[in-house]
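K.L.:
The structure file target-v9.cif (mmCIF, C-alpha atoms) is provided below.
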```cif
data_work
#
loop_
_atom_site.group_PDB
_atom_site.id
_atom_site.type_symbol
_atom_site.label_atom_id
_atom_site.label_comp_id
_atom_site.auth_asym_id
_atom_site.auth_seq_id
_atom_site.Cartn_x
_atom_site.Cartn_y
_atom_site.Cartn_z
ATOM 1 C CA MET A 1 211.509 36.105 162.257
ATOM 2 C CA ASP A 2 208.950 34.901 164.720
ATOM 3 C CA GLU A 3 210.711 33.534 167.811
ATOM 4 C CA HIS A 4 207.817 31.148 168.435
ATOM 5 C CA ALA A 5 207.954 29.664 164.972
ATOM 6 C CA PRO A 6 208.837 25.931 164.906
ATOM 7 C CA ILE A 7 212.369 24.983 163.925
ATOM 8 C CA VAL A 8 212.586 22.840 160.834
ATOM 9 C CA TYR A 9 215.450 20.360 160.471
ATOM 10 C CA ASP A 10 216.530 18.924 157.151
ATOM 11 C CA LEU A 11 216.888 15.214 157.932
ATOM 12 C CA THR A 12 218.239 14.367 154.499
ATOM 13 C CA GLU A 13 221.709 15.539 155.501
ATOM 14 C CA TYR A 14 221.816 12.890 158.237
ATOM 15 C CA LYS A 15 220.865 10.003 155.966
ATOM 16 C CA GLU A 16 224.414 9.509 154.760
ATOM 17 C CA ILE A 17 225.782 9.712 158.296
ATOM 18 C CA THR A 18 223.370 7.138 159.723
ATOM 19 C CA ARG A 19 223.130 4.965 156.624
ATOM 20 C CA ASP A 20 225.105 2.038 158.107
ATOM 21 C CA TRP A 21 223.879 2.292 161.680
ATOM 22 C CA ASN A 22 221.155 -0.322 161.253
ATOM 23 C CA ASP A 23 223.544 -2.854 159.730
ATOM 24 C CA ASP A 24 226.442 -2.217 162.120
ATOM 25 C CA PRO A 25 225.453 -1.492 165.751
ATOM 26 C CA SER A 26 228.909 -0.063 166.474
ATOM 27 C CA ALA A 27 228.998 2.294 163.467
ATOM 28 C CA TYR A 28 228.024 5.273 165.635
ATOM 29 C CA LEU A 29 231.351 4.958 167.444
ATOM 30 C CA THR A 30 233.170 6.563 164.528
ATOM 31 C CA ARG A 31 231.075 9.719 164.989
ATOM 32 C CA TYR A 32 231.232 10.084 168.768
ATOM 33 C CA TYR A 33 234.493 8.363 169.737
ATOM 34 C CA THR A 34 238.138 8.477 168.674
ATOM 35 C CA LYS A 35 239.312 4.929 168.071
ATOM 36 C CA HIS A 36 242.667 3.709 169.358
ATOM 37 C CA TYR A 37 244.089 0.233 169.868
ATOM 38 C CA PHE A 38 246.473 -1.284 172.382
ATOM 39 C CA LEU A 39 248.165 -4.197 170.608
ATOM 40 C CA SER A 40 249.261 -7.416 172.262
ATOM 41 C CA THR A 41 252.856 -6.602 171.317
ATOM 42 C CA ALA A 42 252.768 -3.173 172.979
ATOM 43 C CA GLY A 43 254.163 -2.475 176.393
ATOM 44 C CA LYS A 44 256.342 -4.864 178.332
ATOM 45 C CA GLU A 45 257.490 -7.945 176.435
ATOM 46 C CA LEU A 46 255.784 -11.149 177.516
ATOM 47 C CA LYS A 47 258.953 -13.241 177.485
ATOM 48 C CA ASP A 48 260.915 -15.277 179.991
ATOM 49 C CA PRO A 49 264.275 -16.894 179.194
ATOM 50 C CA LEU A 50 263.305 -19.870 181.376
ATOM 51 C CA GLY A 51 260.016 -20.534 179.607
ATOM 52 C CA PRO A 52 256.459 -19.158 179.275
ATOM 53 C CA ILE A 53 255.066 -16.636 181.756
ATOM 54 C CA ILE A 54 252.935 -18.431 184.360
ATOM 55 C CA ASP A 55 250.130 -16.742 186.292
ATOM 56 C CA LEU A 56 250.684 -17.233 190.042
ATOM 57 C CA GLN A 57 246.961 -17.215 190.815
ATOM 58 C CA THR A 58 245.939 -19.962 188.381
ATOM 59 C CA SER A 59 249.339 -21.556 187.536
ATOM 60 C CA LEU A 60 248.435 -21.298 183.848
ATOM 61 C CA GLU A 61 250.289 -19.771 180.916
ATOM 62 C CA VAL A 62 249.586 -16.065 180.318
ATOM 63 C CA LYS A 63 248.604 -14.753 176.883
ATOM 64 C CA ARG A 64 247.566 -11.338 175.572
ATOM 65 C CA GLY A 65 245.389 -10.003 172.782
ATOM 66 C CA ASP A 66 244.651 -6.710 171.012
ATOM 67 C CA GLN A 67 242.400 -4.279 172.876
ATOM 68 C CA TYR A 68 240.452 -1.239 171.756
ATOM 69 C CA VAL A 69 240.539 2.147 173.492
ATOM 70 C CA TYR A 70 237.628 4.401 172.504
ATOM 71 C CA GLN A 71 238.063 7.974 173.747
ATOM 72 C CA SER A 72 234.992 10.163 174.091
ATOM 73 C CA PRO A 73 234.967 13.970 173.760
ATOM 74 C CA ASN A 74 235.246 14.314 177.567
ATOM 75 C CA LYS A 75 238.544 12.333 177.348
ATOM 76 C CA LEU A 76 237.243 9.249 179.181
ATOM 77 C CA CYS A 77 238.428 6.004 177.575
ATOM 78 C CA ILE A 78 236.485 2.769 177.185
ATOM 79 C CA ILE A 79 238.588 -0.389 176.854
ATOM 80 C CA GLY A 80 237.589 -3.836 175.632
ATOM 81 C CA LEU A 81 238.481 -6.713 173.331
ATOM 82 C CA ALA A 82 239.391 -5.655 169.781
ATOM 83 C CA PRO A 83 238.049 -7.605 166.758
ATOM 84 C CA THR A 84 241.522 -9.136 166.261
ATOM 85 C CA HIS A 85 241.661 -10.501 169.806
ATOM 86 C CA PRO A 86 242.066 -14.316 169.714
ATOM 87 C CA LEU A 87 238.880 -14.804 171.745
ATOM 88 C CA LEU A 88 236.916 -13.041 168.996
ATOM 89 C CA ALA A 89 238.947 -13.921 165.902
ATOM 90 C CA GLN A 90 239.337 -17.604 166.844
ATOM 91 C CA ARG A 91 236.052 -18.467 168.500
ATOM 92 C CA GLU A 92 236.319 -22.059 167.279
ATOM 93 C CA ARG A 93 239.621 -22.527 169.142
ATOM 94 C CA TYR A 94 239.085 -20.936 172.554
ATOM 95 C CA GLN A 95 236.304 -21.734 175.002
ATOM 96 C CA VAL A 96 235.951 -19.194 177.812
ATOM 97 C CA LEU A 97 235.656 -20.859 181.241
ATOM 98 C CA ASN A 98 235.535 -17.945 183.682
ATOM 99 C CA LEU A 99 236.353 -14.276 184.336
ATOM 100 C CA ARG A 100 238.395 -12.861 187.230
ATOM 101 C CA PHE A 101 238.395 -9.114 187.843
ATOM 102 C CA ASP A 102 241.154 -7.690 190.024
ATOM 103 C CA ASP A 103 239.911 -7.697 193.621
ATOM 104 C CA LYS A 104 241.635 -4.441 194.542
ATOM 105 C CA ILE A 105 239.968 -2.555 191.704
ATOM 106 C CA VAL A 106 236.539 -4.099 192.351
ATOM 107 C CA ASN A 107 236.654 -3.293 196.069
ATOM 108 C CA ALA A 108 237.930 0.255 195.474
ATOM 109 C CA LEU A 109 235.042 1.176 193.193
ATOM 110 C CA PRO A 110 231.592 1.909 194.666
ATOM 111 C CA GLN A 111 228.705 -0.357 193.809
ATOM 112 C CA PRO A 112 226.062 1.100 191.464
ATOM 113 C CA THR A 113 223.590 1.615 194.310
ATOM 114 C CA HIS A 114 222.490 4.560 196.391
ATOM 115 C CA ILE A 115 225.400 5.995 198.391
ATOM 116 C CA PRO A 116 224.550 8.019 201.517
ATOM 117 C CA ALA A 117 225.443 11.686 201.267
ATOM 118 C CA ASN A 118 227.620 11.573 204.394
ATOM 119 C CA GLU A 119 229.675 8.622 203.200
ATOM 120 C CA LYS A 120 233.241 9.502 202.290
ATOM 121 C CA LYS A 121 234.109 8.803 198.688
ATOM 122 C CA CYS A 122 237.284 6.839 197.962
ATOM 123 C CA PRO A 123 239.575 7.980 195.156
ATOM 124 C CA PRO A 124 239.425 5.837 192.003
ATOM 125 C CA PRO A 125 242.123 3.160 191.799
ATOM 126 C CA PRO A 126 245.130 4.111 189.644
ATOM 127 C CA CYS A 127 246.274 2.041 186.692
ATOM 128 C CA HIS A 128 248.988 2.041 184.076
ATOM 129 C CA HIS A 129 249.571 0.315 180.759
ATOM 130 C CA GLU A 130 250.458 -3.053 182.311
ATOM 131 C CA THR A 131 247.854 -3.143 185.085
ATOM 132 C CA VAL A 132 245.893 -6.396 184.823
ATOM 133 C CA ILE A 133 242.219 -5.484 185.171
ATOM 134 C CA LEU A 134 240.715 -8.799 184.094
ATOM 135 C CA LYS A 135 241.879 -12.390 183.690
ATOM 136 C CA ILE A 136 239.991 -14.606 181.243
ATOM 137 C CA GLU A 137 240.607 -18.321 181.705
ATOM 138 C CA VAL A 138 239.968 -20.316 178.547
ATOM 139 C CA LYS A 139 240.373 -23.827 177.213
ATOM 140 C CA ASP A 140 242.455 -24.243 174.065
ATOM 141 C CA LEU A 141 240.463 -26.814 172.088
ATOM 142 C CA TRP A 142 243.201 -27.204 169.485
ATOM 143 C CA ALA A 143 245.825 -27.947 172.137
ATOM 144 C CA GLU A 144 243.434 -30.371 173.830
ATOM 145 C CA LYS A 145 242.913 -32.258 170.574
ATOM 146 C CA GLU A 146 246.653 -32.318 169.870
ATOM 147 C CA GLN A 147 247.420 -33.604 173.363
ATOM 148 C CA LYS A 148 244.828 -36.355 173.029
ATOM 149 C CA GLU A 149 246.333 -37.480 169.728
ATOM 150 C CA LYS A 150 249.787 -37.613 171.336
ATOM 151 C CA GLU A 151 248.451 -39.665 174.246
ATOM 152 C CA ASP A 152 246.759 -42.112 171.875
ATOM 153 C CA LYS A 153 249.986 -42.541 169.909
ATOM 154 C CA SER A 154 251.987 -43.039 173.118
ATOM 155 C CA GLU A 155 249.551 -45.679 174.373
ATOM 156 C CA GLN A 156 249.672 -47.482 171.041
ATOM 157 C CA ALA A 157 253.477 -47.410 171.016
ATOM 158 C CA ALA A 158 253.600 -48.704 174.602
ATOM 159 C CA GLU A 159 251.297 -51.580 173.706
ATOM 160 C CA ASP A 160 253.484 -52.485 170.730
ATOM 161 C CA VAL A 161 256.591 -52.537 172.959
ATOM 162 C CA ASP A 162 254.955 -54.467 175.823
ATOM 163 C CA MET A 163 253.708 -57.327 173.674
ATOM 164 C CA PRO A 164 257.124 -58.946 172.814
ATOM 165 C CA GLU A 165 258.413 -58.278 176.364
ATOM 166 C CA THR A 166 255.430 -60.116 177.846
ATOM 167 C CA GLN A 167 256.007 -63.105 175.581
ATOM 168 C CA GLN A 168 259.722 -63.208 176.493
ATOM 169 C CA THR A 169 258.943 -63.014 180.236
ATOM 170 C CA GLN A 170 256.502 -65.911 179.990
ATOM 171 C CA GLN A 171 259.110 -68.053 178.209
ATOM 172 C CA GLY A 172 261.798 -67.242 180.796
ATOM 173 C CA GLY A 173 259.484 -68.053 183.692
ATOM 174 C CA SER A 174 258.675 -71.492 182.282
ATOM 175 C CA GLU A 175 262.392 -72.378 181.948
ATOM 176 C CA GLY A 176 263.337 -71.674 185.598
ATOM 177 C CA SER A 177 261.254 -70.203 188.361
ATOM 178 C CA GLY A 178 263.165 -71.495 191.404
ATOM 179 C CA SER A 179 266.149 -69.148 191.232
ATOM 180 C CA GLU A 180 266.384 -66.521 193.944
ATOM 181 C CA THR A 181 266.980 -62.899 192.934
ATOM 182 C CA PRO A 182 269.670 -60.841 194.658
ATOM 183 C CA ALA A 183 267.075 -58.460 196.064
ATOM 184 C CA GLU A 184 265.369 -61.306 197.939
ATOM 185 C CA SER A 185 268.647 -62.228 199.703
ATOM 186 C CA VAL A 186 269.052 -58.784 201.318
ATOM 187 C CA PRO A 187 268.051 -58.820 205.012
ATOM 188 C CA SER A 188 264.962 -56.821 205.881
ATOM 189 C CA SER A 189 266.751 -55.074 208.777
ATOM 190 C CA MET A 190 269.306 -53.592 206.360
ATOM 191 C CA ILE A 191 266.551 -52.283 204.073
ATOM 192 C CA ALA A 192 264.769 -50.626 207.003
ATOM 193 C CA GLU A 193 268.015 -49.020 208.207
ATOM 194 C CA GLN A 194 268.745 -47.585 204.729
ATOM 195 C CA GLY A 195 265.216 -46.249 204.480
ATOM 196 C CA SER A 196 265.452 -44.426 207.813
ATOM 197 C CA VAL A 197 268.768 -42.843 206.862
ATOM 198 C CA ALA A 198 267.359 -41.648 203.508
ATOM 199 C CA SER A 199 264.231 -40.159 205.082
ATOM 200 C CA SER A 200 266.212 -38.311 207.761
ATOM 201 C CA SER A 201 268.607 -36.838 205.208
ATOM 202 C CA THR A 202 265.731 -35.739 202.985
ATOM 203 C CA THR A 203 263.993 -34.078 205.924
ATOM 204 C CA SER A 204 267.127 -32.180 206.903
ATOM 205 C CA ILE A 205 267.651 -30.944 203.339
ATOM 206 C CA VAL A 206 264.049 -29.700 203.010
ATOM 207 C CA SER A 207 264.151 -27.958 206.395
ATOM 208 C CA SER A 208 267.430 -26.237 205.568
ATOM 209 C CA VAL A 209 266.055 -24.969 202.251
ATOM 210 C CA VAL A 210 262.854 -23.631 203.812
ATOM 211 C CA SER A 211 264.614 -21.999 206.765
ATOM 212 C CA SER A 212 267.436 -20.523 204.703
ATOM 213 C CA PRO A 213 266.913 -16.731 204.350
ATOM 214 C CA SER A 214 268.904 -16.645 201.132
ATOM 215 C CA VAL A 215 266.236 -18.585 199.232
ATOM 216 C CA SER A 216 263.796 -16.169 197.610
ATOM 217 C CA GLN A 217 260.184 -16.830 196.693
ATOM 218 C CA ALA A 218 261.022 -16.297 193.022
ATOM 219 C CA GLN A 219 262.770 -19.687 192.993
ATOM 220 C CA PHE A 220 259.494 -21.378 193.926
ATOM 221 C CA LYS A 221 257.433 -19.767 191.153
ATOM 222 C CA PRO A 222 255.938 -22.347 188.789
ATOM 223 C CA LYS A 223 257.988 -22.769 185.627
ATOM 224 C CA LYS A 224 255.393 -24.815 183.790
ATOM 225 C CA SER A 225 251.638 -24.653 183.331
ATOM 226 C CA ILE A 226 249.647 -27.189 185.313
ATOM 227 C CA ASP A 227 247.428 -27.748 182.276
ATOM 228 C CA PRO A 228 248.746 -27.067 178.740
ATOM 229 C CA THR A 229 245.186 -27.143 177.382
ATOM 230 C CA ARG A 230 244.165 -24.058 179.413
ATOM 231 C CA VAL A 231 245.561 -20.506 179.271
ATOM 232 C CA VAL A 232 244.789 -17.128 180.815
ATOM 233 C CA PHE A 233 244.241 -14.039 178.656
ATOM 234 C CA VAL A 234 244.865 -10.799 180.552
ATOM 235 C CA VAL A 235 243.142 -7.482 179.838
ATOM 236 C CA ARG A 236 245.544 -4.647 180.638
ATOM 237 C CA GLY A 237 244.905 -1.039 181.543
ATOM 238 C CA SER A 238 246.230 0.148 178.147
ATOM 239 C CA ILE A 239 246.725 3.737 179.354
ATOM 240 C CA ALA A 240 247.984 5.570 182.441
ATOM 241 C CA GLY A 241 245.194 6.990 184.564
ATOM 242 C CA HIS A 242 242.478 5.936 186.984
ATOM 243 C CA VAL A 243 239.810 3.232 186.658
ATOM 244 C CA MET A 244 236.493 5.047 186.929
ATOM 245 C CA GLU A 245 234.162 2.140 186.249
ATOM 246 C CA LEU A 246 234.019 -1.593 185.573
ATOM 247 C CA ASN A 247 231.301 -3.045 183.396
ATOM 248 C CA GLU A 248 228.693 -4.172 185.918
ATOM 249 C CA ARG A 249 227.193 -6.483 183.300
ATOM 250 C CA LEU A 250 230.310 -8.650 183.628
ATOM 251 C CA ILE A 251 230.597 -8.581 187.433
ATOM 252 C CA ARG A 252 228.861 -10.790 189.945
ATOM 253 C CA ARG A 253 229.172 -9.273 193.405
ATOM 254 C CA GLY A 254 230.125 -11.746 196.118
ATOM 255 C CA THR A 255 232.135 -14.090 193.912
ATOM 256 C CA ASP A 256 235.685 -13.811 192.605
ATOM 257 C CA VAL A 257 235.193 -16.148 189.635
ATOM 258 C CA VAL A 258 232.386 -15.440 187.151
ATOM 259 C CA THR A 259 231.196 -18.489 185.194
ATOM 260 C CA ASP A 260 227.760 -17.257 184.107
ATOM 261 C CA PRO A 261 227.321 -18.164 180.397
ATOM 262 C CA GLU A 262 225.227 -15.037 179.800
ATOM 263 C CA VAL A 263 228.053 -12.820 181.073
ATOM 264 C CA ILE A 264 230.595 -14.577 178.869
ATOM 265 C CA GLU A 265 228.279 -14.339 175.871
ATOM 266 C CA THR A 266 227.800 -10.603 176.421
ATOM 267 C CA MET A 267 231.550 -10.010 176.554
ATOM 268 C CA LEU A 268 232.164 -11.945 173.329
ATOM 269 C CA ASP A 269 229.110 -11.163 171.204
ATOM 270 C CA LYS A 270 228.876 -7.464 172.148
ATOM 271 C CA ALA A 271 232.538 -6.709 172.772
ATOM 272 C CA SER A 272 232.450 -3.191 171.299
ATOM 273 C CA THR A 273 229.234 -2.100 173.032
ATOM 274 C CA HIS A 274 227.631 -3.788 176.063
ATOM 275 C CA GLY A 275 230.606 -6.100 176.550
ATOM 276 C CA TYR A 276 233.232 -3.435 177.245
ATOM 277 C CA ILE A 277 235.604 -4.074 180.165
ATOM 278 C CA ALA A 278 236.246 -0.766 181.932
ATOM 279 C CA VAL A 279 236.171 3.041 181.745
ATOM 280 C CA ILE A 280 239.473 4.788 182.470
ATOM 281 C CA ARG A 281 240.218 8.476 182.951
ATOM 282 C CA PRO A 282 243.679 9.220 181.518
ATOM 283 C CA LYS A 283 246.148 11.394 183.321
ATOM 284 C CA THR A 284 245.944 15.028 182.304
ATOM 285 C CA ASP A 285 249.214 16.326 183.730
ATOM 286 C CA LYS A 286 251.203 15.450 180.624
ATOM 287 C CA LYS A 287 249.454 15.798 177.286
ATOM 288 C CA GLY A 288 249.689 12.738 175.039
ATOM 289 C CA VAL A 289 251.761 10.625 177.453
ATOM 290 C CA PRO A 290 248.908 8.365 178.664
ATOM 291 C CA LEU A 291 248.092 7.368 175.053
ATOM 292 C CA LYS A 292 251.686 6.946 173.878
ATOM 293 C CA ASP A 293 251.491 3.142 173.397
ATOM 294 C CA LEU A 294 248.292 3.218 171.318
ATOM 295 C CA VAL A 295 247.881 2.958 167.550
ATOM 296 C CA ASP A 296 245.067 4.219 165.336
ATOM 297 C CA GLU A 297 244.638 1.079 163.204
ATOM 298 C CA LEU A 298 244.671 -2.635 163.763
ATOM 299 C CA PRO A 299 247.265 -4.730 161.912
ATOM 300 C CA VAL A 300 246.072 -6.406 158.750
ATOM 301 C CA ALA A 301 245.691 -10.145 159.237
ATOM 302 C CA THR A 302 248.012 -12.166 157.028
ATOM 303 C CA ALA A 303 247.026 -15.527 155.620
#
```
Here is a file; write its structure as structure tokens.
P.N.:
Amino acid sequence: MDEHAPIVYDLTEYKEITRDWNDDPSAYLTRYYTKHYFLSTAGKELKDPLGPIIDLQTSLEVKRGDQYVYQSPNKLCIIGLAPTHPLLAQRERYQVLNLRFDDKIVNALPQPTHIPANEKKCPPPPCHHETVILKIEVKDLWAEKEQKEKEDKSEQAAEDVDMPETQQTQQGGSEGSGSETPAESVPSSMIAEQGSVASSSTTSIVSSVVSSPSVSQAQFKPKKSIDPTRVVFVVRGSIAGHVMELNERLIRRGTDVVTDPEVIETMLDKASTHGYIAVIRPKTDKKGVPLKDLVDELPVATA
């Protein structure tokens, strides 16, 4: 056989493999990546006996969704929003407002620019299954509509109650308006004295609570969301390892809160490709342990 003879490939054998690639842009993933999923119910339970979990940074209720973990042959894992994530499965309900990447992870990773050869490289930031890499603040349109309907009903009920009371007050005022109320007969000096005593006692109570070392900060954590129509979806690390890269398409250097509509659209419309969240290198000291909380299939949606 002539070593300079051209090599002939039979492309017909690849037709079946690449048949669906034009229709589904993510179909190639099944050939080059091993698919895993980190479900919203995996890991630490998102429950609090006193009420919903509230994010200290935004004072909003915390929610979670299913995430994908695509592992390449070199063992690196790409994480992002799975098709069953509420932001993708219920696009008509949730409106994304902004993205917040963890500052410590962003600052620990080098920017995708030229790095001088003499500059010391920092080790990649570690992560585990519960590490919050990204916070996605959204508006719950269904909750907003429900709250507005409740407010309209409350206003209508208040108007119905106020109407007979107003008529009764007008009738009572016409019968006798010269009678003095007991509150008007109280001397003003006595009212001022009571007010000063109340304010001084309140001040002493507040100062004693703040200065008391036995009062922990946990008692001052918010127990209720400041806005029931907004929630925060967190994207967790999914596996134990080190964060090697964040998706630079979703980051805007110099700002903590990303509100660019193009960035949000990329994350939602191309979640399995250009809209991935991060690349994580799993720990290699214990085989199989970093991927222990993952599943190979997504749960079937029930009607």
K.L.:
To test your reading of the syntax: which residues would the PyMOL selection byres ((chain A and resi 226) around 8) return for the file shown? Reply as a list in words.
P.N.:
Ser59, Leu60, Lys224, Ser225, Asp227 and Pro228 of chain A
K.L.:
Compare A:Val243, A:Gln111, A:Ser72, A:Asn22 by their minimum atom-to-atom distance to A:Val132, counting all atoms listed in the file, and give me the closest one.
P.N.:
A:Val243
K.L.:
What residues come out when you apply the PyMOL selection byres ((chain A and resi 254-265) around 12) to this file, written as a PyMOL selection string?
P.N.:
chain A and resi 57-58+87-88+91+95-104+106-107+111+134-138+247-253+266-271+274-277
K.L.:
Name the closest residue to A:Gln67 among the candidates A:Lys15, A:Lys223, A:His36, A:Lys283; distances are taken between atoms, counting only C-alpha atoms.
P.N.:
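With only C-alpha atoms as the atom set, the closest residue is A:His36.
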K.L.:
Grab the atom CA of A:Gln147 to atom CA of A:Val161 distance for me, in Å with one decimal place.
P.N.:
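Between these atoms lies a distance of 21.0 Å.
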K.L.:
Report, in Å with one decimal, the straight-line distance from atom CA of A:Thr12 to atom CA of A:Ala27.
P.N.:
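If I compute the distance from atom CA of A:Thr12 to atom CA of A:Ala27, I get 18.5 Å.
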K.L.:
To one decimal place, how far is atom CA of A:Val235 from atom CA of A:Asp23 in Å?
P.N.:
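Computing it gives 28.5 Å between the two atoms.
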K.L.:
Ranking A:Trp142, A:Thr284, A:Asp293, A:Glu45 by minimum distance to A:Thr229 and counting all atoms listed in the file, which one comes first?
P.N.:
A:Trp142
K.L.:
On this structure, the PyMOL selection byres ((chain A and resi 66) around 10) would catch which residues? List them as a list in words, sorted by chain and number.
P.N.:
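That expression, the PyMOL selection byres ((chain A and resi 66) around 10), corresponds here to Tyr37, Phe38, Leu39, Ser40, Thr41, Ala42, Arg64, Gly65, Gln67, Tyr68, Gly80, Leu81, Ala82, Pro83, Thr84, His85, Pro86, Leu87, Val235, Arg236, Leu298 and Pro299 of chain A.
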K.L.:
Name the closest residue to A:Pro124 among the candidates A:Glu16, A:Asp140, A:Glu61, A:Glu245; distances are taken between atoms, counting only C-alpha atoms.
P.N.:
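Closest to A:Pro124 of all the choices is A:Glu245.
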K.L.:
Compare A:Cys122, A:Leu294, A:Leu141, A:Val231 by their minimum atom-to-atom distance to A:Ile54, counting all atoms listed in the file, and give me the closest one.
P.N.:
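That would be A:Val231, the residue with the smallest distance to A:Ile54.
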